[in-house]
Amino acid sequence: MKLAYAWATVAGCAALCLGAACGAAQDDLDPGAKSQLAESHVIATLSPTNQRRLFVLDTAFPAAEAARTYVLDGSTGALQGMFNQAYWPNFAVSPDGAELYAVDTYWDKHTRGKRSDFIVVRDARTFEVKADIPLPQGRLMIVSKKYNFDVTPDGHYGLTYNLAPSTAVTVTDLIKRETVGYIAIPGCGLVFAQAPNRFSTLCADGAVATVTFDAAAIATTRRTDKVFDAKGDPAFEHSAWDKKGQMLYLVTYHGDVVPVSLAAEQAMPGARWSLTSAAERAAGWRPGGWQVSHFHSSDRQLYVLMHQGRDWTHKTSGSEVWQFDAATGRRMQRIRLRESAQSVAVSPDGDPLVYVITDSQRIDAYQVATGKRLYSTRPLGFTPQLLTVWGD
């Protein structure tokens with residue numbers, strides 16, 4: 001009780017000090033000891049999105065609610081900014097580079113309670129949130145994959161893959177900031193948006209379905225016959241997508257490439273070719289990693305992470321990046337990595353850089369022209385997994 005009384009007395013004295021006595025004490029201070037405290041906020045502004053800007057999605061495996069996207073100067077590796085995302089997010093850049101789209105899920109009590117799903121629209125130069133567009137039907141909650149969300153080439157629609165309980169795609173009008181419909185894609189998954197009102201998706205039987213929709217999300221679907229062996233030689237979900245050329249290059253676990261044209265209302269597969277020679281295949285060379293391949297549209301070059309392994313080592317990080325002429329299937333060069341990497345992307349400019357996420361969570365950049373490493377960043381975040389460049 002005495003202790004409590006003592007603390008009360010001290011508290012009372014402190015309260016009294018807030019009055020005239022404290023004011024007098026402040027007036028007794030030397031003028032040089034007084035400072036005017038003012039709070040101000042400065043919002044940094046990035047330059048417009050350019051072909052060497054690199055976006056790195058960190059899914060934060062040890063703390064999945066703490067995902068984020070880092071923004072780097074792809075020429076130097078310098079960190080330019082960061083913004084938070086939510087559980088197993090998706091990410092995309094608008095075709096004009098002015099907006100960033102984060103597909104996020106939140107619970108009103110942090111990890112429980114009412115769930116809400118949104119496409120969060122940010123200004124690409126300030127990261128300020130411009131809109132939260134609700135996804136009434138939710139979205140598929142799974143480890144982040146690039147093609148669970150895509151934007152039509154004209155920037156009008158955002159297409160979000162879902163499984164609730166059947167597979168479907170939510171169509172969101174990014175101009176009006178509202179969701180307009182929900183298109184069933186039974187037995188299929190992923191989204192490759194290739195026209196203002198059209199997308200394609202991969203199906204469990206190895207077929208490709210192409211969906212054409214109107215402003216109310218009323219859709220028609222046309223399927224190809226099977227273009228890859230989903231059981232014997234599956235295709236990677238992160239196969240290379242050339243949105244400008246409307247070509248999908250399906251990379252298979254065993255190291256084949258199946259080019260598929262998505263330029264019309266029905267997909268048209270081309271001639272299959274191999275990433276490896278017979279000797280290289282016998283030596284165990286095959287693709288592997290997470291974001292295993294990427295496409296450079298202007299010179300039509302395919303880049304693939306490769307490792308030496310065996311069946312079902314498709315998640316093994318790549319020790320090399322192989323560059324191919326997609327028109328002929330001819331390998332142009334092998335870039336030997338200083339450190340094995342799980343994800344790869346290529347800057348879309350005329351003197352491209354190859355970016356990889358290494359096993360130590362660093363971003364390494366290599367010059368395509370020479371194959372030499374240009375820089376290696378410090379470890380970035382918890383578990384950086386996906387790379388995005390403008391034009392993906």
# chains A, B, ... in the order shown; residues from 1 in each chain; ligands from 1
call {"tool": "closest_atom_pairs", "arguments": {"of": "stretch 125-228 of chain A", "to": "stretch 97-115 of chain A", "cutoff": "8 Å", "atoms": "only C-alpha atoms", "output": "tab-separated table"}}
result
residue	atom	partner	partner_atom	distance
A:Arg125	CA	A:Ala98	CA	7.5
A:Phe127	CA	A:Leu100	CA	7.9
A:Phe149	CA	A:Val103	CA	7.8
call {"tool": "select_by_dssp", "arguments": {"residues": "stretch 62-308 of chain A", "states": "strand (DSSP E or B)", "output": "NGL selection string"}}
result
:A and (68-73 or 79-84 or 90-93 or 99-107 or 110 or 115-123 or 129-134 or 149-151 or 157-163 or 167-173 or 178-184 or 188-195 or 198-203 or 208-213 or 219-223 or 235 or 240-242 or 247-252 or 256-261 or 268-269 or 273-274 or 285-287 or 291 or 293-296 or 301-308)
call {"tool": "residues_around", "arguments": {"residues": "A:Ala44", "least_positions_apart": "2", "cutoff": "12 Å", "atoms": "only C-alpha atoms", "output": "compact mmCIF listing (two decimals) with N, CA and C atoms, in the first residue's frame"}}
result
# COMPACT_ATOMS: atom_id res chain seq x y z
N HIS A 41 6.26 14.96 -43.55
CA HIS A 41 6.35 13.72 -44.31
C HIS A 41 6.72 14.05 -45.75
N VAL A 42 7.68 13.33 -46.25
CA VAL A 42 8.08 13.51 -47.64
C VAL A 42 7.85 12.20 -48.37
N LEU A 46 9.39 7.79 -57.59
CA LEU A 46 10.27 7.12 -58.53
C LEU A 46 10.13 7.75 -59.91
N SER A 47 11.12 7.55 -60.73
CA SER A 47 10.98 7.90 -62.14
C SER A 47 9.95 6.95 -62.77
N GLN A 80 15.07 0.49 -54.59
CA GLN A 80 14.39 1.76 -54.80
C GLN A 80 13.14 1.92 -53.94
N GLY A 81 12.60 0.82 -53.44
CA GLY A 81 11.39 0.92 -52.62
C GLY A 81 10.84 -0.45 -52.29
N MET A 82 9.77 -0.45 -51.48
CA MET A 82 9.13 -1.69 -51.04
C MET A 82 7.73 -1.37 -50.58
N ALA A 124 2.49 3.56 -59.46
CA ALA A 124 3.79 2.92 -59.67
C ALA A 124 4.96 3.79 -59.28
N ARG A 125 4.73 5.10 -59.06
CA ARG A 125 5.83 5.99 -58.73
C ARG A 125 5.88 6.35 -57.25
N THR A 126 4.74 6.29 -56.57
CA THR A 126 4.71 6.65 -55.14
C THR A 126 4.31 5.49 -54.25
N PHE A 127 3.75 4.41 -54.83
CA PHE A 127 3.22 3.24 -54.12
C PHE A 127 1.96 3.58 -53.31
N GLU A 128 1.42 4.79 -53.46
CA GLU A 128 0.18 5.12 -52.76
C GLU A 128 -0.97 4.28 -53.32
call {"tool": "closest_residue", "arguments": {"among": "A:Gly158, A:Gly270, A:Pro165, A:Pro259", "to": "A:Ile133", "atoms": "only C-alpha atoms"}}
result
A:Gly158
call {"tool": "closest_residue", "arguments": {"among": "A:Ser116, A:Gln246, A:Thr313, A:Thr221", "to": "A:Thr152", "atoms": "only C-alpha atoms"}}
result
A:Gln246
call {"tool": "residues_around", "arguments": {"residues": "stretch 342-346 of chain A", "least_positions_apart": "5", "cutoff": "6 Å", "atoms": "only C-alpha atoms", "output": "number ranges by chain"}}
result
A: 289-292, 294, 317, 353-357
call {"tool": "closest_residue", "arguments": {"among": "A:Leu202, A:Ala216, A:Leu305, A:Leu140", "to": "A:Ile183", "atoms": "only C-alpha atoms"}}
result
A:Ala216
call {"tool": "atom_distance", "arguments": {"atom1": "atom CA of A:Thr224", "atom2": "atom CA of A:Ala278"}}
result
29.7 Å
call {"tool": "residues_around", "arguments": {"residues": "A:Gln367", "least_positions_apart": "4", "cutoff": "7 Å", "atoms": "only C-alpha atoms", "output": "list in words"}}
result
Pro352, Leu353, Val354, Gly371, Lys372, Arg373 and Leu374 of chain A
call {"tool": "residues_around", "arguments": {"residues": "A:Ile185", "least_positions_apart": "4", "cutoff": "10 Å", "atoms": "only C-alpha atoms", "output": "MDAnalysis selection string"}}
result
chainID A and resid 161:163 166:169 189:190 200:203 209:211 221
call {"tool": "atom_distance", "arguments": {"atom1": "atom CA of A:Gln323", "atom2": "atom CA of A:Leu302"}}
result
5.7 Å
call {"tool": "residues_around", "arguments": {"residues": "A:Ile335", "least_positions_apart": "3", "cutoff": "9 Å", "atoms": "only C-alpha atoms", "output": "list in words"}}
result
Ser319, Glu320, Val321, Trp322, Gln323, Tyr366, Val368, Thr370, Gly371 and Lys372 of chain A
call {"tool": "select_by_dssp", "arguments": {"residues": "stretch 179-374 of chain A", "states": "helix (DSSP H, G or I)", "output": "list in words"}}
result
Ala278, Ala279, Glu280, Arg281 and Ala282 of chain A
call {"tool": "write_last_selection", "arguments": {"atoms": "C-alpha atoms", "output": "CSV table (one decimal), in the first residue's frame"}}
result
chain,number,residue,atom,x,y,z
A,278,ALA,CA,21.0,-36.7,-76.6
A,279,ALA,CA,24.3,-36.6,-74.8
A,280,GLU,CA,23.2,-33.8,-72.5
A,281,ARG,CA,20.0,-35.5,-71.7
A,282,ALA,CA,21.9,-38.7,-70.9
call {"tool": "atom_distance", "arguments": {"atom1": "atom CA of A:Tyr182", "atom2": "atom CA of A:Pro134"}}
result
13.1 Å
call {"tool": "closest_residue", "arguments": {"among": "A:Ala235, A:Ala369, A:Leu159, A:Ile363", "to": "A:Val56", "atoms": "only C-alpha atoms"}}
result
A:Ile363
